[in-house]
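Novice: data.cif is the file, holding mmCIF, C-alpha atoms:
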data_my_file
loop_
_atom_site.label_atom_id
_atom_site.label_comp_id
_atom_site.auth_asym_id
_atom_site.auth_seq_id
_atom_site.Cartn_x
_atom_site.Cartn_y
_atom_site.Cartn_z
CA MET A 1 0.00 0.00 0.00
CA SER A 2 1.54 3.31 -1.10
CA ASN A 3 1.97 6.30 1.21
CA ASN A 4 -0.35 8.39 -0.99
CA PHE A 5 -3.09 5.80 -0.61
CA ARG A 6 -2.64 5.70 3.20
CA ILE A 7 -2.86 9.48 3.36
CA LYS A 8 -6.04 9.51 1.25
CA LEU A 9 -7.52 6.87 3.57
CA ILE A 10 -6.57 8.59 6.82
CA GLN A 11 -7.40 12.18 5.86
CA PRO A 12 -11.23 11.86 5.87
CA ILE A 13 -11.08 9.95 9.18
CA ILE A 14 -9.03 12.74 10.78
CA TYR A 15 -11.31 15.35 9.19
CA ASN A 16 -14.48 13.71 10.54
CA LEU A 17 -13.00 13.13 13.99
CA THR A 18 -11.98 16.80 14.11
CA LEU A 19 -15.50 17.89 13.20
CA ILE A 20 -16.96 15.61 15.89
CA LEU A 21 -14.52 16.97 18.46
CA ILE A 22 -15.37 20.57 17.52
CA PHE A 23 -19.09 19.74 17.77
CA VAL A 24 -18.66 18.16 21.21
CA VAL A 25 -16.56 21.05 22.53
CA LEU A 26 -18.96 23.71 21.21
CA THR A 27 -22.02 21.84 22.52
CA GLU A 28 -20.43 21.45 25.95
CA ALA A 29 -19.39 25.11 25.99
CA ILE A 30 -22.89 26.30 25.06
CA PHE A 31 -25.13 23.86 26.90
CA GLY A 32 -22.88 22.49 29.65
CA GLU A 33 -22.69 23.95 33.15
CA TRP A 34 -18.96 24.67 33.11
CA PHE A 35 -19.42 28.31 34.06
CA ASP A 36 -22.80 28.08 35.79
CA LYS A 37 -22.59 29.31 39.37
CA ASN A 38 -25.69 27.26 40.20
CA SER A 39 -24.20 23.96 39.09
CA PHE A 40 -24.03 21.41 41.90
CA GLY A 41 -20.49 20.64 40.77
CA PRO A 42 -19.00 17.78 42.79
CA TYR A 43 -21.74 18.01 45.44
CA MET A 44 -24.93 15.92 45.65
CA ARG A 45 -23.73 13.23 43.18
CA GLU A 46 -24.94 10.50 45.55
CA HIS A 47 -28.31 12.14 46.12
CA ARG A 48 -29.65 13.12 42.70
CA MET A 49 -31.40 11.18 39.95
CA LYS A 50 -31.61 7.92 41.87
CA LYS A 51 -34.39 5.41 41.23
CA GLN A 52 -34.20 2.12 43.11
CA MET A 53 -36.75 -0.69 43.33
CA ILE A 54 -37.31 -1.62 46.98
CA GLU A 55 -39.29 -4.37 48.66
CA TYR A 56 -40.60 -3.51 52.12
CA THR A 57 -41.99 -6.23 54.38
CA ASP A 58 -43.45 -6.02 57.87
CA GLU A 59 -45.73 -8.22 59.98
CA ASN A 60 -48.79 -7.42 57.86
CA GLU A 61 -47.77 -6.65 54.29
CA LYS A 62 -45.22 -6.62 51.52
CA VAL A 63 -44.92 -3.46 49.42
CA GLU A 64 -42.83 -2.87 46.31
CA TYR A 65 -41.98 0.76 45.63
CA LEU A 66 -39.52 3.07 43.91
CA TYR A 67 -37.14 5.04 46.09
CA ILE A 68 -36.66 8.23 44.07
CA ARG A 69 -34.24 11.12 44.52
CA ASN A 70 -35.24 13.55 41.79
CA TYR A 71 -33.18 15.86 39.60
CA HIS A 72 -32.98 18.46 42.38
CA GLY A 73 -32.00 15.91 45.04
CA PHE A 74 -35.30 15.57 46.90
CA ARG A 75 -36.98 12.29 47.81
CA SER A 76 -39.83 12.94 45.44
CA VAL A 77 -40.95 12.61 41.86
CA ASP A 78 -39.76 15.57 39.79
CA VAL A 79 -41.50 18.72 40.94
CA ASN A 80 -41.10 22.34 39.87
CA PRO A 81 -39.24 24.09 42.73
CA LYS A 82 -41.81 26.91 42.46
CA LYS A 83 -44.48 24.46 43.59
CA ILE A 84 -42.66 23.33 46.75
CA ASP A 85 -44.44 24.90 49.70
CA ALA A 86 -42.28 23.41 52.43
CA LEU A 87 -39.27 21.19 53.04
CA ILE A 88 -38.42 18.81 55.87
CA MET A 89 -34.74 18.16 56.58
CA GLY A 90 -32.86 15.73 58.80
CA GLY A 91 -30.90 12.49 58.63
CA SER A 92 -32.00 8.94 57.87
CA VAL A 93 -34.93 9.36 60.28
CA ILE A 94 -36.39 11.80 57.73
CA ASP A 95 -35.09 10.27 54.49
CA GLU A 96 -36.63 6.93 55.59
CA ARG A 97 -35.62 5.15 52.40
CA TYR A 98 -36.39 1.85 54.13
CA LYS A 99 -40.14 2.64 54.03
CA PRO A 100 -42.64 3.51 51.27
CA ASP A 101 -43.39 7.24 50.99
CA GLN A 102 -46.81 6.88 52.59
CA TYR A 103 -45.27 5.45 55.79
CA THR A 104 -42.70 8.22 56.29
CA ILE A 105 -43.07 11.27 58.53
CA THR A 106 -43.24 13.35 55.34
CA GLY A 107 -45.94 11.13 53.87
CA TYR A 108 -48.09 11.21 56.99
CA LEU A 109 -47.73 15.01 57.27
CA ASN A 110 -48.82 15.47 53.67
CA GLU A 111 -51.83 13.25 54.38
CA LEU A 112 -52.69 15.39 57.41
CA PHE A 113 -52.38 18.58 55.36
CA LYS A 114 -54.72 17.16 52.74
CA ASN A 115 -57.28 15.84 55.24
CA ASN A 116 -57.36 19.19 57.06
CA ASN A 117 -57.70 21.30 53.89
CA TYR A 118 -54.21 22.77 53.87
CA ASN A 119 -52.92 23.24 50.35
CA ILE A 120 -49.31 22.44 51.23
CA ASN A 121 -46.83 20.33 49.30
CA LEU A 122 -44.18 19.20 51.81
CA VAL A 123 -41.09 17.70 50.16
CA ASN A 124 -38.62 15.32 51.79
CA ALA A 125 -35.07 16.75 51.84
CA GLY A 126 -33.69 14.25 54.36
CA ILE A 127 -30.21 12.83 53.78
CA GLU A 128 -28.79 9.85 55.66
CA ALA A 129 -26.25 10.68 58.40
CA GLN A 130 -26.81 14.42 58.09
CA SER A 131 -26.34 16.59 61.16
CA THR A 132 -26.91 20.36 61.48
CA ALA A 133 -23.41 20.80 60.02
CA GLY A 134 -24.54 18.84 56.95
CA ILE A 135 -27.70 20.93 56.69
CA ILE A 136 -25.59 24.12 56.62
CA LEU A 137 -23.37 22.65 53.93
CA GLY A 138 -26.52 21.58 52.09
CA PHE A 139 -27.84 25.14 52.00
CA ARG A 140 -24.61 26.47 50.53
CA ASN A 141 -23.98 23.73 47.98
CA TRP A 142 -27.48 22.46 47.25
CA LEU A 143 -30.56 24.50 48.15
CA PHE A 144 -29.09 27.88 47.19
CA LYS A 145 -28.34 26.49 43.73
CA ILE A 146 -31.95 25.52 42.96
CA GLU A 147 -33.61 28.34 41.03
CA ASN A 148 -37.08 29.45 42.14
CA LEU A 149 -36.92 27.46 45.38
CA ASN A 150 -38.84 29.58 47.90
CA PRO A 151 -40.61 27.34 50.43
CA LYS A 152 -42.81 29.04 52.98
CA PHE A 153 -41.20 27.06 55.80
CA ILE A 154 -38.60 24.37 56.47
CA ILE A 155 -38.94 21.79 59.24
CA PHE A 156 -35.58 20.81 60.75
CA TYR A 157 -35.79 17.47 62.58
CA VAL A 158 -32.49 17.71 64.45
CA GLY A 159 -30.60 16.38 67.44
CA ILE A 160 -29.84 12.68 67.06
CA ASN A 161 -26.94 12.94 64.62
CA ASP A 162 -25.52 15.94 66.47
CA THR A 163 -25.07 13.90 69.65
CA THR A 164 -22.26 11.96 67.96
CA THR A 165 -20.52 14.88 66.26
CA LYS A 166 -17.10 16.10 67.34
CA GLU A 167 -16.99 19.04 69.73
CA ASN A 168 -15.69 21.37 67.00
CA ILE A 169 -17.15 19.71 63.92
CA LYS A 170 -16.11 21.11 60.56
CA LEU A 171 -18.78 21.50 57.90
CA ASP A 172 -16.80 19.42 55.42
CA ASP A 173 -16.53 16.45 57.81
CA MET A 174 -17.90 13.61 55.66
CA THR A 175 -19.04 11.62 58.69
CA PHE A 176 -21.79 14.09 59.53
CA ASN A 177 -22.64 15.98 56.35
CA GLY A 178 -24.38 13.06 54.66
CA HIS A 179 -21.73 12.46 51.99
CA LEU A 180 -22.70 15.62 50.09
CA LEU A 181 -19.16 15.63 48.71
CA ASN A 182 -17.21 12.47 47.94
CA PRO A 183 -14.30 12.32 50.44
CA ASP A 184 -12.04 10.88 47.74
CA LYS A 185 -10.54 13.94 46.02
CA ARG A 186 -10.04 12.08 42.75
CA GLU A 187 -13.65 10.89 42.74
CA ALA A 188 -14.84 14.40 43.65
CA PHE A 189 -12.86 15.78 40.67
CA TYR A 190 -14.59 13.36 38.29
CA ASP A 191 -17.96 14.03 39.94
CA ASN A 192 -17.46 17.72 39.15
CA LEU A 193 -16.74 16.98 35.48
CA LYS A 194 -19.70 14.62 35.17
CA THR A 195 -22.18 17.02 36.75
CA ARG A 196 -21.13 19.95 34.54
CA SER A 197 -21.01 17.94 31.31
CA PHE A 198 -24.05 18.38 29.03
CA PHE A 199 -23.71 14.95 27.44
CA TYR A 200 -23.15 13.07 30.69
CA ASP A 201 -25.99 14.91 32.43
CA THR A 202 -28.31 14.15 29.50
CA MET A 203 -27.40 10.46 29.65
CA ARG A 204 -28.13 10.41 33.39
CA LYS A 205 -31.52 12.03 32.83
CA ILE A 206 -32.45 9.42 30.24
CA LYS A 207 -31.31 6.61 32.52
CA PHE A 208 -33.16 8.12 35.48
CA ASN A 209 -36.42 8.63 33.58
CA TYR A 210 -36.56 5.37 31.66
CA PHE A 211 -34.25 2.80 33.23
CA PRO A 212 -34.69 2.40 37.00
CA ARG A 213 -32.44 -0.12 38.70
CA LYS A 214 -34.19 -3.45 38.30
CA ASN A 215 -32.51 -5.32 41.14
CA PHE A 216 -34.50 -5.14 44.37
CA VAL A 217 -33.18 -3.87 47.67
CA LYS A 218 -35.10 -5.57 50.45
CA TYR A 219 -35.96 -3.93 53.77
CA ASP A 220 -37.41 -5.78 56.71
CA GLY A 221 -39.92 -3.50 58.40
CA LYS A 222 -40.51 -5.93 61.26
CA ILE A 223 -39.40 -4.76 64.68
CA ASP A 224 -35.96 -6.17 65.46
CA SER A 225 -36.08 -8.83 68.20
CA GLN A 226 -32.70 -7.85 69.68
CA TYR A 227 -33.87 -4.25 69.93
CA LYS A 228 -36.97 -5.44 71.80
CA GLU A 229 -34.84 -7.34 74.32
CA ARG A 230 -32.76 -4.30 75.24
CA PHE A 231 -35.52 -1.69 75.02
CA LYS A 232 -35.42 0.72 77.97
CA PHE A 233 -37.02 4.10 77.41
CA ILE A 234 -36.19 6.98 79.76
CA ASN A 235 -39.20 9.29 79.69
CA TYR A 236 -39.04 13.07 80.02
CA ASN A 237 -40.21 13.27 83.65
CA GLU A 238 -37.65 10.66 84.73
CA ALA A 239 -34.88 12.61 83.02
CA LEU A 240 -35.99 15.91 84.51
CA LYS A 241 -36.04 14.33 87.96
CA ASN A 242 -32.73 12.45 87.76
CA TYR A 243 -30.47 14.82 85.81
CA ASP A 244 -28.75 17.88 87.21
CA LEU A 245 -29.23 20.48 84.47
CA LYS A 246 -26.37 22.69 85.62
CA LYS A 247 -23.93 19.78 85.67
CA LEU A 248 -25.00 18.65 82.20
CA GLN A 249 -24.70 22.18 80.85
CA LYS A 250 -21.16 22.37 82.18
CA LYS A 251 -20.26 18.85 81.02
CA TYR A 252 -21.42 19.51 77.45
CA GLN A 253 -20.69 23.23 77.37
CA LEU A 254 -18.65 23.26 74.15
CA LYS A 255 -20.99 20.87 72.32
CA LEU A 256 -24.03 22.93 73.33
CA SER A 257 -22.36 26.18 72.32
CA ASN A 258 -21.44 24.86 68.88
CA TYR A 259 -24.88 23.30 68.41
CA LYS A 260 -26.54 26.60 69.28
CA GLU A 261 -24.30 28.42 66.81
CA ARG A 262 -25.28 26.00 64.03
CA ILE A 263 -28.99 26.47 64.86
CA ASP A 264 -28.55 30.24 64.54
CA THR A 265 -26.75 29.77 61.23
CA ILE A 266 -29.58 27.57 59.90
CA ASN A 267 -32.06 30.25 60.92
CA LEU A 268 -30.18 32.88 58.90
CA LEU A 269 -29.71 30.59 55.89
CA SER A 270 -33.45 29.78 55.84
CA LYS A 271 -34.28 33.46 55.61
CA ARG A 272 -32.10 33.79 52.51
CA ILE A 273 -34.68 31.75 50.60
CA ASN A 274 -37.55 33.47 52.42
CA ALA A 275 -38.41 30.36 54.45
CA LYS A 276 -39.43 30.34 58.09
CA PRO A 277 -37.43 27.71 60.03
CA ILE A 278 -39.19 25.31 62.38
CA PHE A 279 -36.92 23.33 64.69
CA VAL A 280 -38.12 19.96 65.97
CA THR A 281 -36.50 17.96 68.76
CA ASN A 282 -36.11 14.20 68.45
CA LEU A 283 -34.76 11.20 70.29
CA GLN A 284 -33.99 7.52 69.87
CA ALA A 285 -35.63 4.42 71.30
CA ASP A 286 -33.66 4.72 74.55
CA GLY A 287 -35.41 8.00 75.28
CA HIS A 288 -33.97 10.97 77.12
CA ARG A 289 -30.36 9.95 77.64
CA GLU A 290 -28.37 12.80 79.11
CA LYS A 291 -26.71 14.08 75.93
CA ILE A 292 -29.84 14.27 73.77
CA PHE A 293 -31.82 15.49 76.77
CA ILE A 294 -29.59 18.49 77.44
CA MET A 295 -29.29 19.30 73.72
CA ASN A 296 -33.07 19.28 73.32
CA HIS A 297 -33.46 21.29 76.52
CA MET A 298 -31.01 23.89 75.23
CA LEU A 299 -32.72 24.05 71.84
CA ILE A 300 -36.18 24.69 73.28
CA ASN A 301 -34.89 27.40 75.64
CA HIS A 302 -32.83 28.99 72.86
CA CYS A 303 -35.88 29.00 70.58
CA LYS A 304 -37.89 30.80 73.25
CA LYS A 305 -35.12 33.36 73.73
CA GLN A 306 -34.58 33.98 70.01
CA LYS A 307 -38.29 33.65 69.16
CA TYR A 308 -37.69 30.76 66.78
CA TYR A 309 -40.59 28.42 66.18
CA CYS A 310 -39.90 25.06 67.86
CA ILE A 311 -41.86 21.85 68.31
CA ASP A 312 -40.81 19.65 71.23
CA VAL A 313 -41.57 16.19 69.83
CA ALA A 314 -39.07 14.58 72.22
CA LYS A 315 -40.98 15.78 75.29
CA LYS A 316 -44.34 14.59 73.98
CA LEU A 317 -43.36 11.29 72.38
CA LYS A 318 -44.24 8.30 74.54
CA GLY A 319 -41.87 5.37 74.90
CA ASP A 320 -43.84 2.82 72.94
CA ILE A 321 -41.65 -0.12 71.93
CA ASN A 322 -43.54 -0.36 68.64
CA TYR A 323 -42.54 3.18 67.58
CA TRP A 324 -39.06 2.07 66.50
CA ARG A 325 -37.95 -0.78 64.26
CA ASP A 326 -34.46 -0.67 65.79
CA GLY A 327 -32.71 1.60 68.26
CA THR A 328 -32.82 4.65 65.98
CA HIS A 329 -35.23 4.37 63.06
CA THR A 330 -38.97 4.54 63.47
CA SER A 331 -41.53 1.99 62.41
CA LYS A 332 -44.48 3.18 60.35
CA GLU A 333 -46.44 3.49 63.64
CA GLY A 334 -43.67 5.66 65.08
CA SER A 335 -43.49 7.88 62.02
CA LYS A 336 -47.25 8.35 62.13
CA GLU A 337 -47.19 9.32 65.81
CA ILE A 338 -44.34 11.80 65.25
CA ALA A 339 -46.21 13.33 62.29
CA ASN A 340 -49.32 13.71 64.48
CA ILE A 341 -47.32 15.50 67.20
CA ILE A 342 -45.67 17.81 64.68
CA PHE A 343 -48.97 18.61 62.96
CA PHE A 344 -50.74 19.45 66.24
CA ASP A 345 -48.26 22.26 66.94
CA LEU A 346 -47.71 23.12 63.29
CA GLU A 347 -51.37 24.06 62.87
CA LYS A 348 -50.84 27.03 65.19
CA PHE A 349 -47.94 28.13 63.01
CA LEU A 350 -49.93 27.63 59.79
CA ASN A 351 -52.84 29.69 61.09
CA LYS A 352 -50.47 32.57 61.86
CA LEU A 353 -48.82 32.12 58.47
CA ASN A 354 -52.14 32.57 56.72
#
Could you render the structure as structure tokens?
Specialist:
Amino acid sequence: MSNNFRIKLIQPIIYNLTLILIFVVLTEAIFGEWFDKNSFGPYMREHRMKKQMIEYTDENEKVEYLYIRNYHGFRSVDVNPKKIDALIMGGSVIDERYKPDQYTITGYLNELFKNNNYNINLVNAGIEAQSTAGIILGFRNWLFKIENLNPKFIIFYVGINDTTTKENIKLDDMTFNGHLLNPDKREAFYDNLKTRSFFYDTMRKIKFNYFPRKNFVKYDGKIDSQYKERFKFINYNEALKNYDLKKLQKKYQLKLSNYKERIDTINLLSKRINAKPIFVTNLQADGHREKIFIMNHMLINHCKKQKYYCIDVAKKLKGDINYWRDGTHTSKEGSKEIANIIFFDLEKFLNKLN
């Protein structure tokens, strides 16, 4: 084969490849999010456009459902951010991916809104393992980047994950921010490229809309037998009687101070999207252990002082063994009871809002 023939053969290939490359570069430059300040960048890669088939089983039923994290990162079907009236934020106890939507705190609250003639669309913004530090990071690298997101109020179901945080937790600590950013710097770099790329983002949208993961994840909604054996709930009156508040305040002084500072920061960040914050106390199946007790006590008093709207679920929630499926996560009965407690106080807020 002569050199002239090889050149004639290769030239059109090079020419076409060059045209394709120019097309790709121009398309990415025009339609990609390379210079978009509202791009999620490397953040939220684990929490957007997820669609997983799940099988939930408890003592009475088996339910198959889709666990969906939509384009904007919410546990919801795609919804125009303009039409979101309220958000609820917290860790796995709010995300509740192990239960169908209708059995989550969010689902029960939406049912209560509907049954009581409130035209409110509450959307689940819970992220597993997220503390108040993660919520702050979420505002800055997630919520603030969603155009036209102006909820009337945001419910913050906080406390549990903050009991295990470090005394001086940093916002970028992956243990408590819900993996908003991949801790592997190399992976985070590629996540940034993928999120900003027009072609990759388009492929993800197609996959998300038309090709849900077919393999089932199975969740057992039955109450764990080992949890039942060690169940010991400390109720509010017992805690108030047995704990020395001044000693606990001194013992956890730094943790309380930092927690209070994060609550104040969340209050300010909420106002930036014109949302009224509502702080809700919570607790685990062991009840009012000293750390969560003093943190909840501080939060309620701080809310009164700063005139924040707070709902003290922890004080009102009874220690029913059937309210939790393990030591931390609620059963569908527990989620329903918590939603009822929240709604009872929330109605007063909603009436003032209107």
Novice: Might you spell out which residues the PyMOL selection byres ((chain A and resi 53) around 6) would select in the displayed file, as a VMD selection string?
Specialist: chain A and resid 52 54 65 to 66 216
Novice: Would you mind listing, for every residue of stretch 137-186 of chain A within 6 Å of stretch 267-277 of chain A, the two atoms forming the shortest contact and the distance between them in Å to one decimal, using all atoms listed in the file, sorted by chain and ascending residue number, as a Markdown table?
Specialist:
| residue | atom | partner | partner_atom | distance |
| --- | --- | --- | --- | --- |
| A:Asn150 | CA | A:Ile273 | CA | 5.4 |
| A:Pro151 | CA | A:Ala275 | CA | 5.5 |
| A:Lys152 | CA | A:Ala275 | CA | 4.8 |
| A:Phe153 | CA | A:Lys276 | CA | 4.4 |
| A:Ile154 | CA | A:Pro277 | CA | 5.0 |
Novice: I want to know what sits within 12 Å of A:Phe35, based on only C-alpha atoms, with residues of the same chain fewer than 3 positions away left out; could you give that as an NGL selection string?
Specialist: :A and (28-32 or 38-41 or 192-193 or 195-197)
Novice: Can you tell me, as a PyMOL selection string, which residues sit within 12 Å of (-23.9, 10.8, 59.5) in the file's frame, using only C-alpha atoms?
Specialist: chain A and resi 90-93+126-135+159-166+171-180
Novice: Please produce an output containing C-alpha atoms for each residue in the selection, written as a PDB file, in the coordinates of the input.
Specialist:
ATOM      1  CA  GLY A  90     -32.860  15.730  58.800  1.00  0.00           C
ATOM      2  CA  GLY A  91     -30.900  12.490  58.630  1.00  0.00           C
ATOM      3  CA  SER A  92     -32.000   8.940  57.870  1.00  0.00           C
ATOM      4  CA  VAL A  93     -34.930   9.360  60.280  1.00  0.00           C
ATOM      5  CA  GLY A 126     -33.690  14.250  54.360  1.00  0.00           C
ATOM      6  CA  ILE A 127     -30.210  12.830  53.780  1.00  0.00           C
ATOM      7  CA  GLU A 128     -28.790   9.850  55.660  1.00  0.00           C
ATOM      8  CA  ALA A 129     -26.250  10.680  58.400  1.00  0.00           C
ATOM      9  CA  GLN A 130     -26.810  14.420  58.090  1.00  0.00           C
ATOM     10  CA  SER A 131     -26.340  16.590  61.160  1.00  0.00           C
ATOM     11  CA  THR A 132     -26.910  20.360  61.480  1.00  0.00           C
ATOM     12  CA  ALA A 133     -23.410  20.800  60.020  1.00  0.00           C
ATOM     13  CA  GLY A 134     -24.540  18.840  56.950  1.00  0.00           C
ATOM     14  CA  ILE A 135     -27.700  20.930  56.690  1.00  0.00           C
ATOM     15  CA  GLY A 159     -30.600  16.380  67.440  1.00  0.00           C
ATOM     16  CA  ILE A 160     -29.840  12.680  67.060  1.00  0.00           C
ATOM     17  CA  ASN A 161     -26.940  12.940  64.620  1.00  0.00           C
ATOM     18  CA  ASP A 162     -25.520  15.940  66.470  1.00  0.00           C
ATOM     19  CA  THR A 163     -25.070  13.900  69.650  1.00  0.00           C
ATOM     20  CA  THR A 164     -22.260  11.960  67.960  1.00  0.00           C
ATOM     21  CA  THR A 165     -20.520  14.880  66.260  1.00  0.00           C
ATOM     22  CA  LYS A 166     -17.100  16.100  67.340  1.00  0.00           C
ATOM     23  CA  LEU A 171     -18.780  21.500  57.900  1.00  0.00           C
ATOM     24  CA  ASP A 172     -16.800  19.420  55.420  1.00  0.00           C
ATOM     25  CA  ASP A 173     -16.530  16.450  57.810  1.00  0.00           C
ATOM     26  CA  MET A 174     -17.900  13.610  55.660  1.00  0.00           C
ATOM     27  CA  THR A 175     -19.040  11.620  58.690  1.00  0.00           C
ATOM     28  CA  PHE A 176     -21.790  14.090  59.530  1.00  0.00           C
ATOM     29  CA  ASN A 177     -22.640  15.980  56.350  1.00  0.00           C
ATOM     30  CA  GLY A 178     -24.380  13.060  54.660  1.00  0.00           C
ATOM     31  CA  HIS A 179     -21.730  12.460  51.990  1.00  0.00           C
ATOM     32  CA  LEU A 180     -22.700  15.620  50.090  1.00  0.00           C
TER      33      LEU A 180
END
Novice: Tell me which of A:Leu240, A:Ile94, A:Ala339, A:Cys310 sits closest to A:Val280, counting all atoms listed in the file.
Specialist: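 For A:Val280, the nearest of the given residues is A:Cys310.
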Novice: Could you list, as a ChimeraX atom specification, every residue within 8 Å of A:Ile311, counting all atoms listed in the file and ignoring same-chain residues fewer than 4 positions away?
Specialist: /A:278-281,342,345-346
Novice: Would you mind exporting the chosen residues as a PDB file, in the coordinates of the input, restricted to C-alpha atoms?
Specialist:
ATOM      1  CA  ILE A 278     -39.190  25.310  62.380  1.00  0.00           C
ATOM      2  CA  PHE A 279     -36.920  23.330  64.690  1.00  0.00           C
ATOM      3  CA  VAL A 280     -38.120  19.960  65.970  1.00  0.00           C
ATOM      4  CA  THR A 281     -36.500  17.960  68.760  1.00  0.00           C
ATOM      5  CA  ILE A 342     -45.670  17.810  64.680  1.00  0.00           C
ATOM      6  CA  ASP A 345     -48.260  22.260  66.940  1.00  0.00           C
ATOM      7  CA  LEU A 346     -47.710  23.120  63.290  1.00  0.00           C
TER       8      LEU A 346
END
